[in-house]
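Visitor: Got a structure for you, questions after.
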Amino acid sequence: MFRSISKSTLQHIPIEINGKKVNVPEGITVWSSMALSGETTTRLSPVTKQQRSAYCAMGVCFECLVQIDGQPNQQACLTLVRKGMKIQKQVILENTDLVENGDHIVEGGTHDK
Amino acid sequence: MINSYDIAIIGAGPAGMSAAITASEAGAKVIVLDDKKFAGGQIYRNVCNSPIEQVNALGPDYLKGRSLVERFGQCSAEKISSASVWHVSNSGEVLFSKEQSTTKLTAREIIVSCGAMERPFPISGWHLPGVMSAGSAQVMLKSDGVVQDDAVFVGTGPLLYLIVAQYLRLGVRVKALVDTTPKTNYLDSFSSLPGALNEYPTLIKGLGLLKEIQKSGIPVYKYAQDLAITGETSANGVKFQSGKQSYNLSCDHIFLHQGVIPNLNMTRSLSLDHHWSEQQLCWTPTLDSWGQSSATNISVAGDCSGIIGAEGAEHMGRLVALNQLSKLGIIATDIRDTQALTSQHRLLRFNRLRRFIDRLYRPKEDHRIPTQDTTVVCRCEEVDLATLRQEFERGAQGPNELKMMSRCGMGPCQGRQCGHTVSELLALWRGEAVKEVGYYRLRSPMRLLNLTEFSDFSHIEPTRATDTSQVQIQEVTR
């Protein structure tokens with residue numbers, strides 16, 4: 001398990017990860033907030049559909065692509081959390097054929113939200 | 001913000017910060033673009049804004065970055081943080097994205113100082129959730145105060161020992177250190193030791209870290225080989241051979257590390273000349289002793305010019321800035337030469353130390369060039385070794401052909417995680433030197449960009465092929 005050793009004086013802010021409401025220290029990255037919340041799957045591999053998670057945490061592996069407030073392909077390790085942010089693991093597969101408004105991904109003809 | 005500058009610096013690590021201080025103090029109009037919230041680069045990440053209470057546990061080499069970050073903050077260069085540069089042209093055009101909006105600027109001289117990244121570690125199972133790089137442990141600790149208990153650290157190199165020591169000082173439980181430095185490296189590096197002795201405080205600090213780890217009582221497995229991460233859908237352990245024994249440590253989290261390599265996507269996208277460094281086993285931009293590249297208005301400083309470490313980067317940033325100031329006519333050549341002396345002297349000594357470190361922590365061949373058919377080489381497109389070999393045998397002899405036929409290197413990381421592996425693999429299969437094989441042809445945008453933002457530009461200056469007759473490059477050997 002990941003845990004925080006941050007100063008106890010840090011403000012916490014509410015965000016949502018995969019529909020789960022959590023409070024995380026202000027100013028940390030989206031990836032760290034996912035790690036602290038036990039939601040470590042960032043995306044499904046477009047090829048094998050297997051679960052993937054962050055590898056480098058510094059913006060060079062692109063394993064941590066997530067959907068933030070409806071916008072897909074955001075690097076969780078380079079994005080800082082904001083109050084009320086909605087983060088979702090990214091499911092864009094090779095046969096995903098439509099993205100409407102950024103948050104309805106149609107895969108193989110069925111809505112997969 | 002005005003849009004025309006004497007010098008644009010990309011990356012605010014030690015090299016970029018030091019270049020900005022030197023150039024702005026001499027009166028040049030300077031802008032610095034950095035993709036993080038706070039300046040400092042990976043090494044001095046959040047050094048003035050640490051989220052953790054016991055920041056001293058991170059060690060003096062980290063804390064000494066404070067004065068550089070502070071001097072940078074006070075210098076008159078314009079600083080743009082959280083800015084992601086996605087296009088640079090050798091005509092002097094720079095495009096960067098901040099808060100989903102792109103700004104264009106031009107500069108007469110450009111300094112690329114975007115640092116290093118960890119060398120990929122393509123062993124069986126390295127793509128599984130639960131496996132991260134040791135650098136990621138440091139990043140999470142420094143910027144967010146996030147740690148992971150009971151992880152196994154695997155690999156070789158000073159950064160690996162540093163993060164283990166930092167974890168132990170902070171009371172984070174470490175399950176084991178699996179050290180892959182081969183026994184032969186100790187002997188092979190011995191001849192470079194005398195050259196490194198001038199920098200003995202650094203050597204002593206390195207030995208101190210290893211002693212600290214050994215004294216802590218955590219299991220340390222030396223000369224480890226035949227590594228594999230086990231697990232079906234996520235990592236559940238690491239297998240290896242140490243001495244005559246086989247081990248299978250069960251663990252949910254593994255941190256891998258085998259040194260760092262230059263972060264080359266920008267210099268490659270700029271079509272600068274590069275060469276293969278046998279000493280550092282990586283591609284390196286070809287530069288003269290002032291960091292001047294094969295494009296007249298572009299220089300490269302710090303670890304993305306070849307690995308030189310934080311202090312070396314600071315000195316090189318200064319040298320590059322002095323040279324550009326003289327090219328711009330802001331200082332005379334003899335002033336440049338006099339002011340450069342101390343940094344040149346220090347760099348020479350760092351390079352000798354570097355030769356020793358590079359030899360001692362030279363990563364094992366089978367940790368750079370995968371041997372198992374099922375090992376994933378390209379993480380983005382999930383291309384394994386067997387697929388690459390098959391496409392090679394069908395005629396894909398070069399990195400670009402291999403990319404087209406297998407999709408290896410075609411994903412969002414733009415080859416950052418597979419490029420070096422592919423160069424070395426093809427060299428092995430072709431029976432030629434890596435320099436004959438080459439690297440992927442890269443193009444901007446260098447970062448992910450949404451199409452709305454991209455479509456704001458109807459004209460973007462392309463990177464033109466360098467007219468090498470204009471620039472005489474004398475390659476510096478490190």
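Lettering and numbering for the structure tokens are positional, with chains as A, B, ... in the shown order, residues counted from 1 in each chain, and ligands counted from 1 in the shown order.
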Within 7 Å of chain B, which residues of chain A show up? Give each one with its shortest atom-to-atom distance in Å (one decimal) and the two atoms involved, counting only C-alpha atoms, rows by chain then rising residue number, as a Markdown table.
Guide:
| residue | atom | partner | partner_atom | distance |
| --- | --- | --- | --- | --- |
| A:Met1 | CA | B:Gln148 | CA | 5.9 |
| A:Phe2 | CA | B:Gln148 | CA | 4.5 |
| A:Arg3 | CA | B:Val147 | CA | 5.5 |
| A:Ser4 | CA | B:Val146 | CA | 4.5 |
| A:Ile5 | CA | B:Gly145 | CA | 5.2 |
| A:Ser6 | CA | B:Ile52 | CA | 4.5 |
| A:Lys7 | CA | B:Ile52 | CA | 5.2 |
| A:Ile28 | CA | B:Asp144 | CA | 5.2 |
| A:Ser32 | CA | B:Val146 | CA | 6.9 |
| A:Val47 | CA | B:Glu381 | CA | 6.6 |
| A:Gln50 | CA | B:Thr233 | CA | 7.0 |
| A:Arg52 | CA | B:Pro129 | CA | 5.4 |
| A:Ser53 | CA | B:Pro129 | CA | 4.9 |
| A:Ala54 | CA | B:Met132 | CA | 6.9 |
| A:Tyr55 | CA | B:Met132 | CA | 4.3 |
| A:Cys56 | CA | B:Ser136 | CA | 5.0 |
| A:Ala57 | CA | B:Ser136 | CA | 4.9 |
| A:Met58 | CA | B:Ser136 | CA | 6.8 |
| A:Val60 | CA | B:Cys413 | CA | 6.3 |
| A:Cys61 | CA | B:Cys413 | CA | 5.5 |
| A:Phe62 | CA | B:Cys413 | CA | 5.5 |
Visitor: Would you put the residues from that selection into a file with C-alpha atoms, as an mmCIF file, in the first residue's frame?
Guide:
data_model
loop_
_atom_site.group_PDB
_atom_site.id
_atom_site.type_symbol
_atom_site.label_atom_id
_atom_site.label_comp_id
_atom_site.auth_asym_id
_atom_site.auth_seq_id
_atom_site.Cartn_x
_atom_site.Cartn_y
_atom_site.Cartn_z
ATOM 1 C CA MET A 1 0.000 0.000 0.000
ATOM 2 C CA PHE A 2 1.095 3.504 -0.725
ATOM 3 C CA ARG A 3 0.878 5.905 2.197
ATOM 4 C CA SER A 4 1.451 9.579 2.833
ATOM 5 C CA ILE A 5 4.185 10.955 5.069
ATOM 6 C CA SER A 6 3.241 14.564 4.289
ATOM 7 C CA LYS A 7 3.092 17.286 6.914
ATOM 8 C CA ILE A 28 -0.295 16.391 -5.148
ATOM 9 C CA SER A 32 -0.341 10.124 -6.224
ATOM 10 C CA VAL A 47 -4.086 -4.117 -27.201
ATOM 11 C CA GLN A 50 -5.034 -5.917 -19.343
ATOM 12 C CA ARG A 52 -1.910 -1.091 -16.426
ATOM 13 C CA SER A 53 -0.508 1.285 -13.854
ATOM 14 C CA ALA A 54 2.009 4.132 -13.638
ATOM 15 C CA TYR A 55 5.658 3.188 -14.199
ATOM 16 C CA CYS A 56 7.900 6.274 -14.214
ATOM 17 C CA ALA A 57 5.811 8.951 -12.428
ATOM 18 C CA MET A 58 7.759 11.633 -14.305
ATOM 19 C CA VAL A 60 8.072 9.666 -19.933
ATOM 20 C CA CYS A 61 6.276 6.286 -19.970
ATOM 21 C CA PHE A 62 2.668 7.383 -20.644
#
Visitor: Could you give me, as a PDB file with C-alpha atoms, in the first residue's frame, each residue of chain A that DSSP assigns to strand (DSSP E or B) when run on this structure's backbone?
Guide:
ATOM      1  CA  PHE A   2       1.095   3.504  -0.725  1.00  0.00           C
ATOM      2  CA  ARG A   3       0.878   5.905   2.197  1.00  0.00           C
ATOM      3  CA  SER A   4       1.451   9.579   2.833  1.00  0.00           C
ATOM      4  CA  SER A   6       3.241  14.564   4.289  1.00  0.00           C
ATOM      5  CA  HIS A  12      -7.104  18.127   2.068  1.00  0.00           C
ATOM      6  CA  ILE A  13      -9.464  18.546  -0.860  1.00  0.00           C
ATOM      7  CA  PRO A  14     -12.349  16.363  -2.073  1.00  0.00           C
ATOM      8  CA  ILE A  15     -12.028  14.631  -5.450  1.00  0.00           C
ATOM      9  CA  GLU A  16     -13.657  11.645  -7.127  1.00  0.00           C
ATOM     10  CA  ILE A  17     -11.764   8.621  -8.436  1.00  0.00           C
ATOM     11  CA  LYS A  20     -15.402   6.983  -5.229  1.00  0.00           C
ATOM     12  CA  LYS A  21     -15.279  10.212  -3.167  1.00  0.00           C
ATOM     13  CA  VAL A  22     -11.922  10.717  -1.451  1.00  0.00           C
ATOM     14  CA  ASN A  23     -10.012  13.497   0.294  1.00  0.00           C
ATOM     15  CA  VAL A  24      -6.389  13.949  -0.718  1.00  0.00           C
ATOM     16  CA  PRO A  25      -3.635  16.426   0.203  1.00  0.00           C
ATOM     17  CA  THR A  29      -0.500  14.772  -8.562  1.00  0.00           C
ATOM     18  CA  ARG A  43      -5.892   2.381 -17.918  1.00  0.00           C
ATOM     19  CA  LEU A  44      -6.551  -0.807 -19.768  1.00  0.00           C
ATOM     20  CA  GLN A  51      -4.817  -3.509 -16.421  1.00  0.00           C
ATOM     21  CA  ARG A  52      -1.910  -1.091 -16.426  1.00  0.00           C
ATOM     22  CA  LEU A  65      -3.089   8.013 -19.087  1.00  0.00           C
ATOM     23  CA  VAL A  66      -6.436   8.616 -17.385  1.00  0.00           C
ATOM     24  CA  GLN A  67      -9.633  10.479 -18.060  1.00  0.00           C
ATOM     25  CA  ILE A  68      -9.949  13.745 -16.105  1.00  0.00           C
ATOM     26  CA  GLN A  71     -11.043  14.546 -21.118  1.00  0.00           C
ATOM     27  CA  PRO A  72      -9.142  11.351 -22.027  1.00  0.00           C
ATOM     28  CA  ASN A  73      -5.357  10.819 -22.458  1.00  0.00           C
ATOM     29  CA  GLN A  74      -4.275  12.964 -19.509  1.00  0.00           C
ATOM     30  CA  GLN A  75      -0.966  12.057 -17.843  1.00  0.00           C
ATOM     31  CA  LEU A  80      -2.072  18.255 -10.141  1.00  0.00           C
ATOM     32  CA  LYS A  86     -13.354  13.642 -11.442  1.00  0.00           C
ATOM     33  CA  ILE A  87     -10.766  11.036 -12.391  1.00  0.00           C
ATOM     34  CA  GLN A  88     -11.522   7.802 -14.206  1.00  0.00           C
ATOM     35  CA  LYS A  89      -9.374   4.951 -15.371  1.00  0.00           C
ATOM     36  CA  GLN A  90      -9.035   5.106 -19.125  1.00  0.00           C
ATOM     37  CA  THR A  96     -13.193   1.795 -29.438  1.00  0.00           C
ATOM     38  CA  ASP A  97     -14.767   3.726 -32.269  1.00  0.00           C
ATOM     39  CA  LEU A  98     -16.448   6.804 -30.856  1.00  0.00           C
ATOM     40  CA  VAL A  99     -15.848   9.379 -28.175  1.00  0.00           C
ATOM     41  CA  GLU A 100     -18.807  11.649 -27.468  1.00  0.00           C
ATOM     42  CA  HIS A 104     -19.131   8.345 -23.312  1.00  0.00           C
ATOM     43  CA  ILE A 105     -16.876   5.811 -24.836  1.00  0.00           C
ATOM     44  CA  VAL A 106     -18.560   3.402 -27.173  1.00  0.00           C
ATOM     45  CA  GLU A 107     -16.727   0.147 -27.437  1.00  0.00           C
ATOM     46  CA  THR A 110     -22.154  -0.943 -26.202  1.00  0.00           C
ATOM     47  CA  HIS A 111     -21.836   1.985 -23.848  1.00  0.00           C
TER      48      HIS A 111
END
Visitor: For segment 294-311 of chain B, work out the shell of residues within 8 Å, counting only C-alpha atoms and skipping chain neighbours fewer than 4 positions away, then give it as a PyMOL selection string.
Guide: chain B and resi 14-16+43+90-92+108-116+260-264+272-273+280+284-287+290+315-317+320+350-351+354+466-468+470-473
Visitor: Identify all residues of segment 36-125 of chain B in helix (DSSP H, G or I) (DSSP on the backbone) and supply them as a list in words.
Guide: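 Answer for segment 36-125 of chain B restricted to helix (DSSP H, G or I) is Val55, Asn56, Ala57, Leu58, Pro60, Asp61, Tyr62, Leu63, Gly65, Arg66, Ser67, Leu68, Val69, Glu70, Arg71, Phe72, Gly73 and Gln74 of chain B.
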Visitor: Output C-alpha atoms of each residue in that selection to a file, as a PDB file, in the first residue's frame.
Guide:
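out22.pdb was written with the following content:
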ATOM      1  CA  VAL B  55      13.180  16.773   4.663  1.00  0.00           C
ATOM      2  CA  ASN B  56      16.731  16.383   6.043  1.00  0.00           C
ATOM      3  CA  ALA B  57      16.371  12.636   5.573  1.00  0.00           C
ATOM      4  CA  LEU B  58      16.627  13.238   1.821  1.00  0.00           C
ATOM      5  CA  PRO B  60      22.678  17.062   1.772  1.00  0.00           C
ATOM      6  CA  ASP B  61      23.016  16.559  -1.995  1.00  0.00           C
ATOM      7  CA  TYR B  62      19.315  17.283  -2.325  1.00  0.00           C
ATOM      8  CA  LEU B  63      19.174  20.155   0.156  1.00  0.00           C
ATOM      9  CA  GLY B  65      19.804  22.564  -4.445  1.00  0.00           C
ATOM     10  CA  ARG B  66      17.923  25.169  -2.417  1.00  0.00           C
ATOM     11  CA  SER B  67      20.422  27.948  -3.030  1.00  0.00           C
ATOM     12  CA  LEU B  68      20.416  27.372  -6.800  1.00  0.00           C
ATOM     13  CA  VAL B  69      16.601  27.314  -6.927  1.00  0.00           C
ATOM     14  CA  GLU B  70      16.489  30.505  -4.857  1.00  0.00           C
ATOM     15  CA  ARG B  71      19.050  32.300  -7.028  1.00  0.00           C
ATOM     16  CA  PHE B  72      17.085  31.214 -10.073  1.00  0.00           C
ATOM     17  CA  GLY B  73      13.882  32.560  -8.527  1.00  0.00           C
ATOM     18  CA  GLN B  74      15.556  35.909  -7.961  1.00  0.00           C
TER      19      GLN B  74
END
Visitor: Which of these, A:Asn95, A:Thr48, A:Gln11, A:Thr42, has the shortest distance to Glu26 of chain A once you count only C-alpha atoms?
Guide: A:Gln11
Visitor: Could you give me, as number ranges by chain, the residues within 10 Å of Asn248 of chain B, counting only C-alpha atoms and dropping anything in the same chain fewer than 4 positions from it?
Guide: B: 227-230, 236-241
Visitor: Select, from B:Phe153, B:Phe121, B:Phe457, B:Tyr161, the residue with the minimum atom-to-atom distance to Asp366 of chain B, counting only C-alpha atoms.
Guide: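 Using only C-alpha atoms, the shortest distance to Asp366 of chain B belongs to B:Phe121.
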